[in-house]
Structure formats: C-alpha cells, structure tokens
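One file, structure_25.cif, carrying mmCIF, N, CA and C atoms:
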data_my_file
loop_
_atom_site.label_atom_id
_atom_site.label_comp_id
_atom_site.auth_asym_id
_atom_site.auth_seq_id
_atom_site.Cartn_x
_atom_site.Cartn_y
_atom_site.Cartn_z
N MET A 114 0.82 -1.20 0.00
CA MET A 114 0.00 0.00 0.00
C MET A 114 0.86 1.26 0.00
N ALA A 115 1.89 1.30 0.86
CA ALA A 115 2.75 2.47 0.95
C ALA A 115 3.56 2.66 -0.32
N VAL A 116 3.97 1.55 -0.95
CA VAL A 116 4.74 1.63 -2.18
C VAL A 116 3.89 2.24 -3.29
N ARG A 117 2.62 1.84 -3.34
CA ARG A 117 1.73 2.38 -4.35
C ARG A 117 1.51 3.88 -4.14
N SER A 118 1.34 4.32 -2.89
CA SER A 118 1.17 5.74 -2.59
C SER A 118 2.39 6.53 -2.99
N LEU A 119 3.57 5.94 -2.75
CA LEU A 119 4.80 6.62 -3.14
C LEU A 119 4.89 6.75 -4.65
N GLU A 120 4.49 5.71 -5.38
CA GLU A 120 4.51 5.78 -6.84
C GLU A 120 3.53 6.84 -7.36
N VAL A 121 2.37 6.92 -6.74
CA VAL A 121 1.39 7.92 -7.15
C VAL A 121 1.94 9.33 -6.93
N LEU A 122 2.58 9.54 -5.76
CA LEU A 122 3.15 10.86 -5.49
C LEU A 122 4.27 11.20 -6.46
N LYS A 123 5.13 10.23 -6.75
CA LYS A 123 6.22 10.49 -7.70
C LYS A 123 5.66 10.82 -9.08
N LYS A 124 4.64 10.08 -9.48
CA LYS A 124 4.05 10.33 -10.78
C LYS A 124 3.42 11.71 -10.85
N ARG A 125 2.74 12.10 -9.77
CA ARG A 125 2.07 13.39 -9.75
C ARG A 125 3.06 14.56 -9.76
N TYR A 126 4.11 14.47 -8.95
CA TYR A 126 5.00 15.61 -8.81
C TYR A 126 6.17 15.62 -9.77
N ASN A 127 6.46 14.51 -10.42
CA ASN A 127 7.51 14.47 -11.42
C ASN A 127 6.97 14.66 -12.83
N SER A 128 5.69 14.61 -12.97
CA SER A 128 5.07 14.70 -14.28
C SER A 128 4.92 16.16 -14.68
N SER A 129 5.10 16.44 -15.96
CA SER A 129 4.86 17.79 -16.45
C SER A 129 3.50 17.90 -17.11
N ALA A 130 2.73 16.84 -17.05
CA ALA A 130 1.40 16.86 -17.63
C ALA A 130 0.49 17.74 -16.78
N PRO A 131 -0.45 18.43 -17.40
CA PRO A 131 -1.34 19.30 -16.62
C PRO A 131 -2.25 18.51 -15.71
N ASP A 132 -2.50 19.10 -14.56
CA ASP A 132 -3.41 18.51 -13.60
C ASP A 132 -4.82 18.95 -13.97
N PRO A 133 -5.76 18.03 -14.17
CA PRO A 133 -7.11 18.42 -14.60
C PRO A 133 -7.81 19.33 -13.59
N LYS A 134 -7.47 19.23 -12.32
CA LYS A 134 -8.11 20.07 -11.32
C LYS A 134 -7.57 21.50 -11.34
N ARG A 135 -6.32 21.68 -11.76
CA ARG A 135 -5.69 22.99 -11.71
C ARG A 135 -5.66 23.69 -13.06
N GLY A 136 -5.94 23.03 -14.10
CA GLY A 136 -5.93 23.65 -15.42
C GLY A 136 -4.63 23.38 -16.14
N PRO A 137 -4.45 24.00 -17.31
CA PRO A 137 -3.27 23.71 -18.12
C PRO A 137 -2.01 24.33 -17.55
N GLY A 138 -0.91 23.61 -17.65
CA GLY A 138 0.39 24.13 -17.29
C GLY A 138 0.62 24.23 -15.80
N PRO A 139 1.86 24.40 -15.40
CA PRO A 139 2.17 24.51 -13.98
C PRO A 139 1.67 25.83 -13.41
N GLY A 140 1.13 25.78 -12.21
CA GLY A 140 0.73 27.00 -11.55
C GLY A 140 -0.73 27.35 -11.68
N GLY A 141 -1.49 26.64 -12.42
CA GLY A 141 -2.90 26.94 -12.48
C GLY A 141 -3.40 27.28 -13.86
N PRO A 142 -4.60 27.83 -13.96
CA PRO A 142 -5.24 28.05 -15.25
C PRO A 142 -4.52 29.03 -16.15
N ARG A 143 -3.86 30.03 -15.59
CA ARG A 143 -3.22 31.03 -16.43
C ARG A 143 -1.75 30.74 -16.67
N GLY A 144 -1.23 29.69 -16.09
CA GLY A 144 0.19 29.37 -16.25
C GLY A 144 1.04 30.26 -15.37
N GLY A 145 2.33 30.13 -15.47
CA GLY A 145 3.21 30.97 -14.69
C GLY A 145 3.52 30.36 -13.35
N GLY A 146 3.53 31.18 -12.31
CA GLY A 146 3.94 30.73 -10.99
C GLY A 146 2.78 30.30 -10.13
N PRO A 147 3.02 30.24 -8.83
CA PRO A 147 1.99 29.74 -7.92
C PRO A 147 0.75 30.62 -7.84
N ARG A 148 0.85 31.88 -8.18
CA ARG A 148 -0.32 32.77 -8.13
C ARG A 148 -1.06 32.82 -9.46
N GLY A 149 -0.53 32.17 -10.44
CA GLY A 149 -1.22 32.11 -11.72
C GLY A 149 -0.82 33.21 -12.69
N GLY A 150 0.06 34.14 -12.29
CA GLY A 150 0.48 35.22 -13.17
C GLY A 150 1.70 34.81 -13.98
N MET A 151 2.09 35.65 -14.88
CA MET A 151 3.27 35.37 -15.68
C MET A 151 4.51 35.73 -14.88
N MET A 152 5.55 34.95 -15.03
CA MET A 152 6.81 35.19 -14.33
C MET A 152 7.70 36.05 -15.23
N ALA A 153 8.38 37.02 -14.64
CA ALA A 153 9.30 37.86 -15.40
C ALA A 153 10.57 37.09 -15.68
N LYS A 154 11.05 37.20 -16.90
CA LYS A 154 12.26 36.49 -17.27
C LYS A 154 13.19 37.44 -17.99
N GLY A 155 14.44 37.53 -17.53
CA GLY A 155 15.43 38.34 -18.20
C GLY A 155 15.23 39.82 -17.98
N LYS A 156 15.95 40.61 -18.75
CA LYS A 156 15.83 42.05 -18.62
C LYS A 156 14.89 42.60 -19.69
N PRO A 157 14.39 43.82 -19.48
CA PRO A 157 13.44 44.37 -20.44
C PRO A 157 14.11 44.64 -21.80
N LYS A 158 13.29 44.64 -22.83
CA LYS A 158 13.82 44.89 -24.17
C LYS A 158 14.26 46.33 -24.34
N ASN A 159 13.54 47.26 -23.70
CA ASN A 159 13.86 48.67 -23.79
C ASN A 159 14.14 49.18 -22.36
N THR A 160 15.39 49.08 -21.93
CA THR A 160 15.73 49.42 -20.55
C THR A 160 15.49 50.89 -20.27
N ALA A 161 15.89 51.77 -21.17
CA ALA A 161 15.71 53.21 -20.95
C ALA A 161 14.23 53.56 -20.84
N GLY A 162 13.42 52.97 -21.70
CA GLY A 162 11.98 53.23 -21.64
C GLY A 162 11.36 52.71 -20.36
N THR A 163 11.84 51.57 -19.91
CA THR A 163 11.32 51.00 -18.67
C THR A 163 11.67 51.88 -17.48
N VAL A 164 12.90 52.37 -17.43
CA VAL A 164 13.32 53.25 -16.34
C VAL A 164 12.52 54.55 -16.37
N LYS A 165 12.31 55.12 -17.55
CA LYS A 165 11.50 56.34 -17.67
C LYS A 165 10.08 56.11 -17.17
N ARG A 166 9.53 54.97 -17.54
CA ARG A 166 8.17 54.66 -17.10
C ARG A 166 8.10 54.49 -15.59
N LEU A 167 9.11 53.83 -14.99
CA LEU A 167 9.13 53.68 -13.54
C LEU A 167 9.24 55.04 -12.85
N PHE A 168 10.08 55.93 -13.37
CA PHE A 168 10.20 57.26 -12.76
C PHE A 168 8.95 58.10 -12.99
N SER A 169 8.20 57.82 -14.03
CA SER A 169 6.95 58.57 -14.24
C SER A 169 5.92 58.21 -13.17
N TYR A 170 6.01 56.97 -12.63
CA TYR A 170 5.09 56.58 -11.57
C TYR A 170 5.33 57.36 -10.28
N VAL A 171 6.57 57.72 -10.02
CA VAL A 171 6.90 58.43 -8.78
C VAL A 171 7.23 59.89 -9.05
N GLY A 172 6.75 60.41 -10.15
CA GLY A 172 7.07 61.77 -10.56
C GLY A 172 6.72 62.82 -9.54
N LYS A 173 5.56 62.71 -8.90
CA LYS A 173 5.16 63.74 -7.95
C LYS A 173 5.88 63.60 -6.61
N TYR A 174 6.66 62.53 -6.44
CA TYR A 174 7.40 62.31 -5.20
C TYR A 174 8.90 62.52 -5.36
N LYS A 175 9.31 63.26 -6.40
CA LYS A 175 10.74 63.45 -6.66
C LYS A 175 11.44 64.12 -5.49
N GLY A 176 10.82 65.13 -4.91
CA GLY A 176 11.43 65.82 -3.78
C GLY A 176 11.61 64.91 -2.58
N ARG A 177 10.61 64.07 -2.33
CA ARG A 177 10.71 63.14 -1.21
C ARG A 177 11.78 62.08 -1.47
N LEU A 178 11.92 61.65 -2.72
CA LEU A 178 12.96 60.67 -3.03
C LEU A 178 14.35 61.27 -2.86
N VAL A 179 14.50 62.55 -3.20
CA VAL A 179 15.79 63.22 -2.97
C VAL A 179 16.07 63.28 -1.47
N LEU A 180 15.05 63.59 -0.67
CA LEU A 180 15.24 63.61 0.78
C LEU A 180 15.56 62.22 1.32
N VAL A 181 14.98 61.18 0.74
CA VAL A 181 15.28 59.82 1.16
C VAL A 181 16.75 59.50 0.89
N ILE A 182 17.22 59.87 -0.28
CA ILE A 182 18.62 59.61 -0.63
C ILE A 182 19.55 60.39 0.29
N LEU A 183 19.23 61.65 0.56
CA LEU A 183 20.06 62.44 1.48
C LEU A 183 20.04 61.86 2.89
N SER A 184 18.89 61.42 3.34
CA SER A 184 18.83 60.84 4.68
C SER A 184 19.59 59.52 4.74
N MET A 185 19.61 58.77 3.64
CA MET A 185 20.42 57.55 3.60
C MET A 185 21.90 57.88 3.71
N VAL A 186 22.32 58.93 3.02
CA VAL A 186 23.73 59.33 3.07
C VAL A 186 24.10 59.78 4.48
N PHE A 187 23.27 60.63 5.09
CA PHE A 187 23.56 61.12 6.44
C PHE A 187 23.52 59.99 7.47
N ARG A 188 22.62 59.05 7.30
CA ARG A 188 22.54 57.90 8.21
C ARG A 188 23.81 57.07 8.10
N THR A 189 24.29 56.86 6.88
CA THR A 189 25.50 56.08 6.68
C THR A 189 26.71 56.79 7.26
N VAL A 190 26.77 58.10 7.08
CA VAL A 190 27.87 58.87 7.66
C VAL A 190 27.83 58.78 9.19
N ALA A 191 26.64 58.85 9.77
CA ALA A 191 26.52 58.74 11.22
C ALA A 191 26.95 57.36 11.70
N GLN A 192 26.62 56.33 10.98
CA GLN A 192 27.05 54.98 11.37
C GLN A 192 28.56 54.84 11.30
N LEU A 193 29.15 55.38 10.24
CA LEU A 193 30.61 55.32 10.11
C LEU A 193 31.29 56.15 11.19
N ALA A 194 30.74 57.32 11.48
CA ALA A 194 31.33 58.17 12.51
C ALA A 194 31.23 57.54 13.89
N SER A 195 30.13 56.86 14.17
CA SER A 195 30.00 56.22 15.48
C SER A 195 31.02 55.10 15.63
N GLY A 196 31.26 54.34 14.60
CA GLY A 196 32.28 53.31 14.66
C GLY A 196 33.67 53.90 14.82
N TYR A 197 33.89 55.02 14.16
CA TYR A 197 35.18 55.70 14.27
C TYR A 197 35.39 56.28 15.66
N MET A 198 34.34 56.75 16.30
CA MET A 198 34.45 57.35 17.64
C MET A 198 34.68 56.31 18.73
N LEU A 199 34.26 55.09 18.52
CA LEU A 199 34.43 54.06 19.55
C LEU A 199 35.90 53.73 19.79
N ARG A 200 36.69 53.76 18.75
CA ARG A 200 38.11 53.39 18.89
C ARG A 200 38.85 54.29 19.86
N PRO A 201 38.82 55.62 19.68
CA PRO A 201 39.55 56.45 20.66
C PRO A 201 38.95 56.39 22.06
N ILE A 202 37.64 56.19 22.15
CA ILE A 202 37.05 56.09 23.49
C ILE A 202 37.60 54.88 24.21
N ILE A 203 37.68 53.76 23.54
CA ILE A 203 38.18 52.55 24.17
C ILE A 203 39.69 52.61 24.39
N ASN A 204 40.43 53.04 23.38
CA ASN A 204 41.89 53.00 23.46
C ASN A 204 42.49 54.12 24.30
N ASP A 205 41.97 55.34 24.21
CA ASP A 205 42.61 56.47 24.85
C ASP A 205 42.11 56.75 26.25
N PHE A 206 40.85 56.46 26.54
CA PHE A 206 40.29 56.89 27.81
C PHE A 206 40.28 55.80 28.87
N LEU A 207 40.42 54.55 28.47
CA LEU A 207 40.47 53.49 29.46
C LEU A 207 41.92 53.20 29.82
N ASP A 208 42.18 53.00 31.10
CA ASP A 208 43.52 52.68 31.56
C ASP A 208 43.89 51.29 31.06
N LYS A 209 45.06 51.17 30.48
CA LYS A 209 45.43 49.91 29.86
C LYS A 209 45.88 48.86 30.88
N GLU A 210 46.20 49.26 32.10
CA GLU A 210 46.70 48.30 33.08
C GLU A 210 45.59 47.39 33.61
N ASN A 211 44.51 47.98 34.11
CA ASN A 211 43.46 47.14 34.67
C ASN A 211 42.13 47.27 33.93
N GLY A 212 42.02 48.20 33.02
CA GLY A 212 40.83 48.30 32.18
C GLY A 212 39.63 48.97 32.82
N THR A 213 39.75 49.44 34.04
CA THR A 213 38.59 50.05 34.70
C THR A 213 38.80 51.52 35.04
N ASN A 214 40.00 51.97 35.22
CA ASN A 214 40.24 53.38 35.59
C ASN A 214 40.24 54.25 34.35
N PHE A 215 39.64 55.42 34.46
CA PHE A 215 39.59 56.36 33.35
C PHE A 215 40.79 57.29 33.45
N GLY A 216 41.37 57.61 32.29
CA GLY A 216 42.50 58.54 32.26
C GLY A 216 42.04 59.95 32.59
N ASN A 217 41.17 60.52 31.79
CA ASN A 217 40.64 61.87 31.98
C ASN A 217 39.12 61.78 31.89
N LEU A 218 38.47 61.93 33.03
CA LEU A 218 37.03 61.69 33.08
C LEU A 218 36.24 62.71 32.28
N THR A 219 36.64 63.98 32.29
CA THR A 219 35.87 64.99 31.55
C THR A 219 35.96 64.76 30.04
N LEU A 220 37.15 64.41 29.55
CA LEU A 220 37.27 64.12 28.11
C LEU A 220 36.48 62.87 27.75
N PHE A 221 36.46 61.90 28.64
CA PHE A 221 35.71 60.68 28.41
C PHE A 221 34.21 60.97 28.30
N ILE A 222 33.71 61.80 29.21
CA ILE A 222 32.28 62.15 29.19
C ILE A 222 31.94 62.96 27.94
N GLU A 223 32.82 63.89 27.57
CA GLU A 223 32.59 64.66 26.34
C GLU A 223 32.55 63.74 25.11
N ALA A 224 33.46 62.77 25.06
CA ALA A 224 33.48 61.84 23.92
C ALA A 224 32.21 60.99 23.90
N LEU A 225 31.73 60.59 25.07
CA LEU A 225 30.48 59.82 25.12
C LEU A 225 29.30 60.66 24.68
N LEU A 226 29.29 61.94 25.04
CA LEU A 226 28.21 62.83 24.60
C LEU A 226 28.23 63.02 23.08
N VAL A 227 29.42 63.17 22.53
CA VAL A 227 29.54 63.29 21.06
C VAL A 227 29.04 62.00 20.40
N LEU A 228 29.41 60.86 20.99
CA LEU A 228 28.95 59.58 20.45
C LEU A 228 27.43 59.46 20.54
N ALA A 229 26.85 59.94 21.64
CA ALA A 229 25.39 59.90 21.79
C ALA A 229 24.71 60.78 20.74
N VAL A 230 25.29 61.96 20.46
CA VAL A 230 24.72 62.84 19.44
C VAL A 230 24.81 62.18 18.06
N ILE A 231 25.91 61.51 17.80
CA ILE A 231 26.06 60.83 16.51
C ILE A 231 25.03 59.72 16.37
N TYR A 232 24.86 58.92 17.43
CA TYR A 232 23.84 57.87 17.39
C TYR A 232 22.44 58.45 17.22
N LEU A 233 22.14 59.51 17.93
CA LEU A 233 20.82 60.14 17.83
C LEU A 233 20.59 60.68 16.41
N THR A 234 21.62 61.25 15.82
CA THR A 234 21.51 61.72 14.43
C THR A 234 21.20 60.57 13.49
N GLY A 235 21.87 59.44 13.68
CA GLY A 235 21.59 58.27 12.85
C GLY A 235 20.17 57.78 13.01
N VAL A 236 19.67 57.80 14.25
CA VAL A 236 18.29 57.36 14.50
C VAL A 236 17.30 58.29 13.83
N VAL A 237 17.54 59.59 13.92
CA VAL A 237 16.63 60.57 13.32
C VAL A 237 16.58 60.40 11.80
N PHE A 238 17.74 60.24 11.18
CA PHE A 238 17.75 60.09 9.72
C PHE A 238 17.16 58.74 9.28
N THR A 239 17.34 57.69 10.08
CA THR A 239 16.70 56.42 9.77
C THR A 239 15.19 56.55 9.85
N TYR A 240 14.69 57.20 10.88
CA TYR A 240 13.25 57.41 11.02
C TYR A 240 12.72 58.26 9.86
N LEU A 241 13.43 59.33 9.50
CA LEU A 241 13.01 60.19 8.40
C LEU A 241 12.95 59.41 7.09
N GLN A 242 13.97 58.60 6.85
CA GLN A 242 13.98 57.80 5.63
C GLN A 242 12.80 56.84 5.59
N ASN A 243 12.53 56.16 6.70
CA ASN A 243 11.42 55.20 6.72
C ASN A 243 10.08 55.89 6.54
N ARG A 244 9.86 57.03 7.18
CA ARG A 244 8.59 57.75 7.04
C ARG A 244 8.41 58.24 5.60
N LEU A 245 9.44 58.78 5.00
CA LEU A 245 9.33 59.26 3.62
C LEU A 245 9.05 58.11 2.65
N MET A 246 9.71 56.99 2.86
CA MET A 246 9.48 55.86 1.96
C MET A 246 8.08 55.29 2.13
N LEU A 247 7.52 55.39 3.31
CA LEU A 247 6.12 54.94 3.48
C LEU A 247 5.17 55.81 2.66
N THR A 248 5.40 57.10 2.63
CA THR A 248 4.51 57.97 1.85
C THR A 248 4.71 57.76 0.35
N VAL A 249 5.95 57.51 -0.07
CA VAL A 249 6.21 57.29 -1.49
C VAL A 249 5.62 55.96 -1.94
N SER A 250 5.77 54.94 -1.12
CA SER A 250 5.29 53.63 -1.56
C SER A 250 3.76 53.57 -1.47
#
Could I get this structure in the form of structure tokens?
Amino acid sequence: MAVRSLEVLKKRYNSSAPDPKRGPGPGGPRGGGPRGGMMAKGKPKNTAGTVKRLFSYVGKYKGRLVLVILSMVFRTVAQLASGYMLRPIINDFLDKENGTNFGNLTLFIEALLVLAVIYLTGVVFTYLQNRLMLTVS
C-alpha cells in the first residue's frame, strides 16, 4: 500500500502533464507561478523606456525621493562616525593596566556625549527615511 502511494506521489510531482483540477500548465489556469500570473524572465527589451516609465510613476514624489537619498547618506555617515568614535574612546580613555580606571574623566564624558549625538543623528535620519518611503510607496 505504501509503495503504491509513493509511486502515485512520484508520478504526480515528477510529471509535467497538466493537472485536470488545476488547469493547463504549472501554476494553475493562467500558467506561470503559484499565483497564476506570468513570471518575469530576463531584462526588459527597452531598458531606458522602462526606467523612464518607472520614474513617471513616482514623478510627484521626486522631492521626497531626494530627501530619502540624502537621509540615507547622512545615516551612513553617522554609522561610520560612530564606529570611528568608539576606537579612541576605548583606546585612549580606558587605563590599559586594569581596564577600569579612566585617564581623563571629563574628556571621556565629552566623547560619550559626542557619540550619543552621533547615534541620535543616525536614529533621526533612519526614522526620516522610513517615514518618507512609506509615503512614497
């Protein structure tokens, strides 16, 4: 009994013949993928025309897209700056002998405040980018 069930399953799923319940071709009545639509294959025949058409869809949001790109740049700069600021904080302000004593506490606190401002700037630009992209999409 189990061998017969296995053969039926192999025949059903290895066969390229259309299933009478689902219609012609793989994916259903209209062919294509699991949703029944056509699958995109390769690149468009007219790439420049396709790009122009895509930009025409977001034409009234050009200003917001520019702001999204600028916020992406500022967010990336903030992330890079925060990574850059961690090195001197760890290397210069912590005592190398036991790792717990601070060399100059006021400079250490100032560096931490600068790092906090950099992180806050990154958070603000990430939030701005996400909100703008929600309105564009």
Query - Selected residue of minimal separation from Val186 (chain A) among A:Gln242, A:Thr160, A:Asn204, A:Thr219, counting only C-alpha atoms - result: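 Of A:Gln242, A:Thr160, A:Asn204, A:Thr219, the one nearest Val186 (chain A) is A:Gln242, counting only C-alpha atoms.
If you measure from each of A:Ile231, A:Val179, A:Ala224, A:Leu167 to Ala194 (chain A) using only C-alpha atoms, the closest one turns out to be A:Ile231.
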Report summary line: One decimal place gives the CA of Lys154 (chain A)-atom C of Arg125 (chain A) separation as 24.9 Å
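If you apply the PyMOL selection byres (((chain A and resi 246 and name CA) around 10) and name CA) to this structure, you end up with Tyr174, Arg177, Leu178, Leu180, Val181, Tyr240, Leu241, Gln242, Asn243, Arg244, Leu245, Leu247, Thr248, Val249 and Ser250 of chain A.
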**Report entry** Å distance separating atom C of Leu193 (chain A) from CA of Leu233 (chain A), one decimal place
**Finding:** 13.0 Å
Query - Two-atom distance - CA of Ala191 (chain A), CA of Val230 (chain A) (Å) - result: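 Value for the CA of Ala191 (chain A)-CA of Val230 (chain A) distance: 9.4 Å.
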Report task. Write out as a PyMOL selection string the residues lying within 6 Å of Asn217 (chain A), counting only N, CA and C atoms and excluding same-chain residues fewer than 3 positions away. Result -> chain A and resi 206+220-221
Filtering to N, CA and C atoms, could you give me those residues as a PDB file, keeping the file's coordinate frame?
ATOM      1  N   PHE A 206      40.850  56.460  26.540  1.00  0.00           N
ATOM      2  CA  PHE A 206      40.290  56.890  27.810  1.00  0.00           C
ATOM      3  C   PHE A 206      40.280  55.800  28.870  1.00  0.00           C
ATOM      4  N   LEU A 220      37.150  64.410  29.550  1.00  0.00           N
ATOM      5  CA  LEU A 220      37.270  64.120  28.110  1.00  0.00           C
ATOM      6  C   LEU A 220      36.480  62.870  27.750  1.00  0.00           C
ATOM      7  N   PHE A 221      36.460  61.900  28.640  1.00  0.00           N
ATOM      8  CA  PHE A 221      35.710  60.680  28.410  1.00  0.00           C
ATOM      9  C   PHE A 221      34.210  60.970  28.300  1.00  0.00           C
TER      10      PHE A 221
END
**Report entry** Nearest to Ser184 (chain A) by atom-to-atom distance, counting all atoms listed in the file, from A:Val237, A:Glu223, A:Val171, A:Tyr232
**Finding:** A:Val237
How big is the axis-aligned box around all listed atoms of region 190-205 of chain A once 6 Å goes on each side, and where's its centre, in Å to one decimal, as JSON?
{"center_x": 34.6, "center_y": 55.7, "center_z": 16.7, "size_x": 28.1, "size_y": 18.3, "size_z": 31.2}
Export: region 230-243 of chain A, N, CA, C and O atoms, as an mmCIF file, in the first residue's frame:
data_model
loop_
_atom_site.group_PDB
_atom_site.id
_atom_site.type_symbol
_atom_site.label_atom_id
_atom_site.label_comp_id
_atom_site.auth_asym_id
_atom_site.auth_seq_id
_atom_site.Cartn_x
_atom_site.Cartn_y
_atom_site.Cartn_z
ATOM 1 N N VAL A 230 25.286 61.956 20.460
ATOM 2 C CA VAL A 230 24.721 62.839 19.441
ATOM 3 C C VAL A 230 24.807 62.183 18.062
ATOM 4 O O VAL A 230 23.864 62.263 17.263
ATOM 5 N N ILE A 231 25.910 61.511 17.795
ATOM 6 C CA ILE A 231 26.062 60.832 16.506
ATOM 7 C C ILE A 231 25.030 59.718 16.370
ATOM 8 O O ILE A 231 24.381 59.570 15.327
ATOM 9 N N TYR A 232 24.858 58.923 17.431
ATOM 10 C CA TYR A 232 23.841 57.865 17.387
ATOM 11 C C TYR A 232 22.437 58.447 17.224
ATOM 12 O O TYR A 232 21.621 57.928 16.465
ATOM 13 N N LEU A 233 22.141 59.513 17.928
ATOM 14 C CA LEU A 233 20.823 60.143 17.825
ATOM 15 C C LEU A 233 20.590 60.684 16.413
ATOM 16 O O LEU A 233 19.488 60.561 15.871
ATOM 17 N N THR A 234 21.622 61.250 15.816
ATOM 18 C CA THR A 234 21.512 61.725 14.432
ATOM 19 C C THR A 234 21.198 60.574 13.487
ATOM 20 O O THR A 234 20.341 60.697 12.603
ATOM 21 N N GLY A 235 21.867 59.445 13.677
ATOM 22 C CA GLY A 235 21.592 58.273 12.845
ATOM 23 C C GLY A 235 20.166 57.781 13.011
ATOM 24 O O GLY A 235 19.510 57.413 12.045
ATOM 25 N N VAL A 236 19.668 57.797 14.245
ATOM 26 C CA VAL A 236 18.294 57.360 14.504
ATOM 27 C C VAL A 236 17.297 58.294 13.834
ATOM 28 O O VAL A 236 16.314 57.853 13.223
ATOM 29 N N VAL A 237 17.540 59.592 13.920
ATOM 30 C CA VAL A 237 16.629 60.570 13.317
ATOM 31 C C VAL A 237 16.583 60.399 11.801
ATOM 32 O O VAL A 237 15.505 60.394 11.196
ATOM 33 N N PHE A 238 17.737 60.236 11.177
ATOM 34 C CA PHE A 238 17.746 60.085 9.721
ATOM 35 C C PHE A 238 17.164 58.739 9.284
ATOM 36 O O PHE A 238 16.545 58.649 8.220
ATOM 37 N N THR A 239 17.339 57.694 10.080
ATOM 38 C CA THR A 239 16.704 56.418 9.767
ATOM 39 C C THR A 239 15.187 56.546 9.845
ATOM 40 O O THR A 239 14.458 56.055 8.968
ATOM 41 N N TYR A 240 14.691 57.205 10.878
ATOM 42 C CA TYR A 240 13.247 57.415 11.022
ATOM 43 C C TYR A 240 12.716 58.260 9.861
ATOM 44 O O TYR A 240 11.671 57.935 9.280
ATOM 45 N N LEU A 241 13.431 59.327 9.504
ATOM 46 C CA LEU A 241 13.014 60.194 8.399
ATOM 47 C C LEU A 241 12.952 59.408 7.091
ATOM 48 O O LEU A 241 11.984 59.522 6.333
ATOM 49 N N GLN A 242 13.967 58.598 6.850
ATOM 50 C CA GLN A 242 13.983 57.799 5.628
ATOM 51 C C GLN A 242 12.799 56.839 5.589
ATOM 52 O O GLN A 242 12.121 56.724 4.564
ATOM 53 N N ASN A 243 12.532 56.163 6.698
ATOM 54 C CA ASN A 243 11.422 55.204 6.723
ATOM 55 C C ASN A 243 10.078 55.891 6.538
ATOM 56 O O ASN A 243 9.212 55.397 5.810
#
